[in-house]
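> My structure is below; once you've seen it, I'll send some questions.
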Amino acid sequence: MPFHPSPGGTRDRSTARPPNQAQAASCYFRTSVDPPHRKALIQICEPCNEKCRHCFVSATTRGAYMDWDAVRDRLIPQLLAARVSRVTLTGGEPTMHPGLLPIAASFREAGMSVGVCTNAVVLLDEQITMLAKLEAHLNVSLDGFSADSHGVFRGRPAAFAETVENVKRAAKACCAPQTTLPRTRSTPSSADSPRSRAPRMCC
Ligand code: SF4
């Protein structure tokens with residue numbers, strides 16, 4: 001019988017949290033869900049609008065986009081059967097997917113909570129408004145605290161201001177953006193660590 005984590009689509013924010021010592025993180029975002037639930041990362045597209053030196057999927061501007069009818073009709077039922085209660089939509093850059101909003105809505109209708117992992121270089125007003133309405137949260141990746149450090153990895157210092165501006169716009173719309181900094185050799189440590197300094201902006 002399919003598993004329905006939250007009939008009616010009401011998201012329980014408490015299901016997304018850092019794992020405790022008895023648990024392994026579900027993913028590199030270091031969040032997990034309580035058993036018997038599971039969390040899944042869904043790569044809804046391959047292309048990206050950035051060219052990060054450290055890209056974990058070697059994204060380019062080319063690649064495939066997941067068919068959103070297939071997400072609704074095939075993927076979601078399979079994930080429900082596997083007891084998945086939370087998904088992170090990723091890429092490539094998921095905001096480049098023309099079906100991002102209907103895909104996110106389909107997951108919410110299935111009762112799952114939704115996160116979107118984005119570089120936030122381009123966030124349309126419609127995307128911010130709708131994602132906020134869906135109570136999705138944004139995981140925004142930063143590679144430093146300045147245009148210089150961020151730009152080293154992105155190859156484009158201007159990306160820092162673009163991302164910060166869009167995080168502010170999302171925060172105003174209550175999209176609950178959370179910044180994530182990958183651990184790299186130039187990432188600050190100890191008191192300057194991402195966890196201690198990265199802003200968590202929730203409204
Ligand atoms: S923003 Fe993410 S997906 Fe895009 S190139 Fe950078 S690491 Fe890869």
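By order in the structure tokens, chains are A, B, ...; within a chain, residues start at 1; ligands start at 1, following the order shown.
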Could you tell me, counting only C-alpha atoms and all ligand atoms, which protein and nucleic acid residues lie no more than 12 Å from ligand 1, written as a PyMOL selection string?
chain A and resi 43-63+89-96+116-122+139-143+150-156+159-160+163+180-182
> Please produce an output containing N, CA and C atoms for each residue in the selection, written as a compact mmCIF listing (two decimals), in the first residue's frame.

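What follows is the written file out_25.txt:
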# COMPACT_ATOMS: atom_id res chain seq x y z
N GLN A 43 17.10 14.88 -9.24
CA GLN A 43 17.78 15.73 -10.24
C GLN A 43 16.79 15.96 -11.38
N ILE A 44 16.08 17.10 -11.32
CA ILE A 44 15.02 17.30 -12.31
C ILE A 44 15.55 17.80 -13.65
N CYS A 45 16.80 18.25 -13.67
CA CYS A 45 17.39 18.64 -14.95
C CYS A 45 18.91 18.58 -14.85
N GLU A 46 19.53 18.49 -16.02
CA GLU A 46 21.00 18.43 -16.06
C GLU A 46 21.65 19.79 -16.34
N PRO A 47 21.07 20.66 -17.17
CA PRO A 47 21.75 21.92 -17.49
C PRO A 47 21.85 22.86 -16.30
N CYS A 48 22.85 23.73 -16.36
CA CYS A 48 23.02 24.76 -15.33
C CYS A 48 23.49 26.05 -15.99
N ASN A 49 23.17 27.17 -15.34
CA ASN A 49 23.58 28.47 -15.86
C ASN A 49 24.90 28.93 -15.25
N GLU A 50 25.54 28.11 -14.47
CA GLU A 50 26.87 28.42 -13.94
C GLU A 50 27.85 27.34 -14.37
N LYS A 51 29.13 27.60 -14.13
CA LYS A 51 30.16 26.62 -14.48
C LYS A 51 31.14 26.51 -13.31
N CYS A 52 30.67 26.00 -12.21
CA CYS A 52 31.52 25.94 -11.01
C CYS A 52 32.67 24.96 -11.20
N ARG A 53 33.82 25.32 -10.68
CA ARG A 53 34.98 24.45 -10.81
C ARG A 53 34.79 23.13 -10.07
N HIS A 54 34.00 23.17 -9.00
CA HIS A 54 33.85 21.98 -8.17
C HIS A 54 32.56 21.22 -8.48
N CYS A 55 31.90 21.54 -9.58
CA CYS A 55 30.56 20.98 -9.82
C CYS A 55 30.53 19.46 -9.64
N PHE A 56 29.60 19.02 -8.80
CA PHE A 56 29.52 17.60 -8.45
C PHE A 56 28.86 16.77 -9.55
N VAL A 57 28.23 17.43 -10.53
CA VAL A 57 27.64 16.67 -11.63
C VAL A 57 28.20 17.12 -12.98
N SER A 58 29.26 17.93 -12.93
CA SER A 58 29.90 18.42 -14.17
C SER A 58 28.86 19.03 -15.11
N ALA A 59 28.01 19.88 -14.55
CA ALA A 59 26.91 20.46 -15.34
C ALA A 59 27.43 21.41 -16.41
N THR A 60 26.73 21.42 -17.53
CA THR A 60 27.00 22.37 -18.61
C THR A 60 25.65 23.00 -18.97
N THR A 61 25.62 23.75 -20.04
CA THR A 61 24.33 24.32 -20.46
C THR A 61 23.48 23.31 -21.21
N ARG A 62 24.04 22.14 -21.43
CA ARG A 62 23.29 21.13 -22.19
C ARG A 62 22.85 19.98 -21.28
N GLY A 63 21.82 19.28 -21.74
CA GLY A 63 21.38 18.11 -20.98
C GLY A 63 19.88 17.96 -21.01
N LEU A 89 14.75 19.11 -4.71
CA LEU A 89 14.83 19.19 -6.17
C LEU A 89 16.14 19.87 -6.54
N THR A 90 16.92 19.18 -7.36
CA THR A 90 18.23 19.71 -7.69
C THR A 90 18.50 19.52 -9.18
N GLY A 91 19.71 19.86 -9.62
CA GLY A 91 20.05 19.75 -11.03
C GLY A 91 21.51 19.32 -11.15
N GLY A 92 22.22 19.99 -12.09
CA GLY A 92 21.95 21.21 -12.80
C GLY A 92 21.31 22.29 -11.93
N GLU A 93 20.68 23.22 -12.60
CA GLU A 93 20.00 24.30 -11.90
C GLU A 93 18.49 24.10 -12.04
N PRO A 94 17.80 23.70 -10.97
CA PRO A 94 16.39 23.33 -11.09
C PRO A 94 15.48 24.48 -11.50
N THR A 95 15.91 25.73 -11.21
CA THR A 95 15.03 26.84 -11.61
C THR A 95 15.02 27.04 -13.13
N MET A 96 15.93 26.37 -13.84
CA MET A 96 15.91 26.43 -15.31
C MET A 96 14.86 25.49 -15.89
N VAL A 116 14.33 23.19 -2.66
CA VAL A 116 14.91 23.41 -3.98
C VAL A 116 16.35 23.86 -3.78
N CYS A 117 17.27 23.09 -4.35
CA CYS A 117 18.69 23.41 -4.25
C CYS A 117 19.06 24.26 -5.45
N THR A 118 19.39 25.52 -5.22
CA THR A 118 19.58 26.45 -6.33
C THR A 118 20.79 27.34 -6.12
N ASN A 119 21.39 27.80 -7.22
CA ASN A 119 22.44 28.81 -7.09
C ASN A 119 21.83 30.21 -6.98
N ALA A 120 20.53 30.32 -7.19
CA ALA A 120 19.77 31.58 -7.04
C ALA A 120 20.32 32.72 -7.90
N VAL A 121 20.98 32.39 -8.97
CA VAL A 121 21.47 33.43 -9.87
C VAL A 121 20.29 34.08 -10.61
N VAL A 122 19.34 33.26 -10.97
CA VAL A 122 18.12 33.77 -11.61
C VAL A 122 16.92 33.17 -10.88
N ASN A 139 17.48 25.94 -0.74
CA ASN A 139 18.85 25.73 -0.31
C ASN A 139 19.74 26.45 -1.31
N VAL A 140 20.36 27.53 -0.89
CA VAL A 140 21.14 28.35 -1.82
C VAL A 140 22.62 28.12 -1.56
N SER A 141 23.34 27.78 -2.61
CA SER A 141 24.76 27.49 -2.42
C SER A 141 25.61 28.74 -2.61
N LEU A 142 26.49 28.98 -1.62
CA LEU A 142 27.49 30.04 -1.70
C LEU A 142 28.86 29.41 -1.49
N ASP A 143 29.85 29.94 -2.15
CA ASP A 143 31.20 29.40 -2.01
C ASP A 143 32.13 30.36 -1.29
N HIS A 150 33.67 33.80 -3.61
CA HIS A 150 32.62 33.09 -4.34
C HIS A 150 33.02 32.97 -5.81
N GLY A 151 33.57 34.07 -6.32
CA GLY A 151 33.92 34.11 -7.74
C GLY A 151 35.04 33.17 -8.13
N VAL A 152 35.90 32.83 -7.17
CA VAL A 152 36.99 31.90 -7.48
C VAL A 152 36.41 30.58 -7.98
N PHE A 153 35.35 30.13 -7.32
CA PHE A 153 34.77 28.83 -7.67
C PHE A 153 33.81 28.95 -8.84
N ARG A 154 33.07 30.06 -8.88
CA ARG A 154 32.05 30.20 -9.93
C ARG A 154 32.64 30.74 -11.22
N GLY A 155 33.85 31.32 -11.12
CA GLY A 155 34.46 31.90 -12.31
C GLY A 155 33.78 33.19 -12.73
N ARG A 156 32.98 33.75 -11.80
CA ARG A 156 32.18 34.92 -12.16
C ARG A 156 31.85 35.68 -10.88
N ALA A 159 28.37 36.86 -9.75
CA ALA A 159 27.35 35.91 -9.30
C ALA A 159 27.02 36.10 -7.82
N PHE A 160 27.98 36.57 -7.04
CA PHE A 160 27.76 36.72 -5.60
C PHE A 160 26.63 37.71 -5.34
N THR A 163 23.21 36.39 -6.41
CA THR A 163 22.65 35.39 -5.49
C THR A 163 22.16 36.04 -4.21
N THR A 180 23.97 27.26 1.85
CA THR A 180 24.83 26.11 2.08
C THR A 180 26.18 26.36 1.45
N LEU A 181 27.23 26.18 2.24
CA LEU A 181 28.57 26.34 1.70
C LEU A 181 29.26 25.00 1.68
N PRO A 182 29.69 24.55 0.49
CA PRO A 182 30.43 23.30 0.43
C PRO A 182 31.75 23.43 1.15
> Might you pull out every residue within 9 Å of Leu138 (chain A), with only C-alpha atoms counted and same-chain residues fewer than 6 positions away left off, and present them as a compact mmCIF listing (two decimals) with C-alpha atoms, in the first residue's frame?

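around22.txt written:
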# COMPACT_ATOMS: atom_id res chain seq x y z
CA VAL A 114 9.93 20.20 -0.81
CA GLY A 115 13.30 21.89 -0.91
CA VAL A 116 14.91 23.41 -3.98
CA CYS A 117 18.69 23.41 -4.25
CA THR A 118 19.58 26.45 -6.33
CA ALA A 120 19.77 31.58 -7.04
CA LEU A 131 7.42 28.37 -4.04
CA VAL A 167 18.11 35.42 -1.39
CA ALA A 170 13.05 35.15 -1.48
CA CYS A 175 10.57 31.21 0.84
CA ALA A 176 12.76 30.29 3.84
CA PRO A 177 16.07 30.34 1.97
CA GLN A 178 18.98 28.64 3.67
CA THR A 179 22.52 29.07 2.43
> Please return, as a VMD selection string, all residues of region 32-188 of chain A that DSSP assigns to strand (DSSP E or B) on the basis of the backbone.
chain A and resid 32 38 to 43 45 65 84 to 90 113 to 118 137 to 141 178 to 180
> Using only C-alpha atoms, please write the residues we just selected to a file, as a PDB file, in the first residue's frame.

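File written: selection-v5.pdb
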ATOM      1  CA  SER A  32      17.360  14.012   7.460  1.00  0.00           C
ATOM      2  CA  ARG A  38      13.082   8.727   3.797  1.00  0.00           C
ATOM      3  CA  LYS A  39      14.404  11.745   1.995  1.00  0.00           C
ATOM      4  CA  ALA A  40      15.216  11.787  -1.724  1.00  0.00           C
ATOM      5  CA  LEU A  41      17.241  14.064  -3.974  1.00  0.00           C
ATOM      6  CA  ILE A  42      15.636  14.449  -7.380  1.00  0.00           C
ATOM      7  CA  GLN A  43      17.779  15.727 -10.238  1.00  0.00           C
ATOM      8  CA  CYS A  45      17.389  18.638 -14.954  1.00  0.00           C
ATOM      9  CA  TYR A  65      14.964  17.873 -18.359  1.00  0.00           C
ATOM     10  CA  VAL A  84       9.799   9.181   1.021  1.00  0.00           C
ATOM     11  CA  SER A  85       8.362  12.155   2.911  1.00  0.00           C
ATOM     12  CA  ARG A  86      10.747  14.862   1.816  1.00  0.00           C
ATOM     13  CA  VAL A  87      12.417  15.704  -1.489  1.00  0.00           C
ATOM     14  CA  THR A  88      15.115  18.112  -2.551  1.00  0.00           C
ATOM     15  CA  LEU A  89      14.831  19.188  -6.175  1.00  0.00           C
ATOM     16  CA  THR A  90      18.228  19.707  -7.694  1.00  0.00           C
ATOM     17  CA  SER A 113       7.826  18.591   1.903  1.00  0.00           C
ATOM     18  CA  VAL A 114       9.933  20.196  -0.806  1.00  0.00           C
ATOM     19  CA  GLY A 115      13.298  21.889  -0.915  1.00  0.00           C
ATOM     20  CA  VAL A 116      14.909  23.413  -3.981  1.00  0.00           C
ATOM     21  CA  CYS A 117      18.690  23.410  -4.250  1.00  0.00           C
ATOM     22  CA  THR A 118      19.583  26.449  -6.333  1.00  0.00           C
ATOM     23  CA  HIS A 137      12.293  26.074   1.110  1.00  0.00           C
ATOM     24  CA  LEU A 138      15.369  27.092  -0.852  1.00  0.00           C
ATOM     25  CA  ASN A 139      18.852  25.733  -0.307  1.00  0.00           C
ATOM     26  CA  VAL A 140      21.141  28.348  -1.820  1.00  0.00           C
ATOM     27  CA  SER A 141      24.762  27.493  -2.423  1.00  0.00           C
ATOM     28  CA  GLN A 178      18.977  28.636   3.665  1.00  0.00           C
ATOM     29  CA  THR A 179      22.521  29.070   2.433  1.00  0.00           C
ATOM     30  CA  THR A 180      24.830  26.109   2.081  1.00  0.00           C
TER      31      THR A 180
END
> Within 12 Å of Pro77 (chain A), counting only C-alpha atoms, which residues qualify if same-chain residues fewer than 2 places away don't, as a list in words?
Met1, Pro2, Phe3, His4, Ala70, Val71, Arg72, Asp73, Arg74, Leu75, Leu79, Leu80, Ala81, Ala82, Arg83, Val84, Ser85, Ser106, Phe107, Glu109, Ala110, Gly111 and Met112 of chain A
> Keeping only C-alpha atoms, write the selected residues to a file as a tab-separated table (two decimals), in the first residue's frame.

chain	number	residue	atom	x	y	z
A	1	MET	CA	0.00	0.00	0.00
A	2	PRO	CA	1.41	3.45	-0.86
A	3	PHE	CA	2.70	5.49	2.03
A	4	HIS	CA	1.13	8.93	2.47
A	70	ALA	CA	6.33	11.34	-15.57
A	71	VAL	CA	7.24	12.89	-12.21
A	72	ARG	CA	3.58	13.08	-11.25
A	73	ASP	CA	2.44	9.76	-12.71
A	74	ARG	CA	5.45	7.50	-12.16
A	75	LEU	CA	8.08	8.95	-9.87
A	79	LEU	CA	8.65	7.48	-3.90
A	80	LEU	CA	5.49	7.22	-1.83
A	81	ALA	CA	5.79	3.43	-1.94
A	82	ALA	CA	9.38	3.84	-0.71
A	83	ARG	CA	8.20	5.96	2.25
A	84	VAL	CA	9.80	9.18	1.02
A	85	SER	CA	8.36	12.16	2.91
A	106	SER	CA	2.81	17.73	-7.43
A	107	PHE	CA	5.15	16.73	-4.61
A	109	GLU	CA	-0.07	17.52	-3.31
A	110	ALA	CA	1.38	14.09	-2.56
A	111	GLY	CA	2.06	15.27	0.99
A	112	MET	CA	5.83	15.60	0.75
> Can you measure CA of Trp68 (chain A) to CA of His37 (chain A) for me? One decimal in Å is fine.
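A separation of 23.6 Å between them.
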> Return the single residue from A:Leu100, A:Val33, A:Ala147, A:Ala158 that is closest to Leu134 (chain A), with distances computed using only C-alpha atoms.
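Ranking A:Leu100, A:Val33, A:Ala147, A:Ala158 by distance to Leu134 (chain A), first place goes to A:Leu100.
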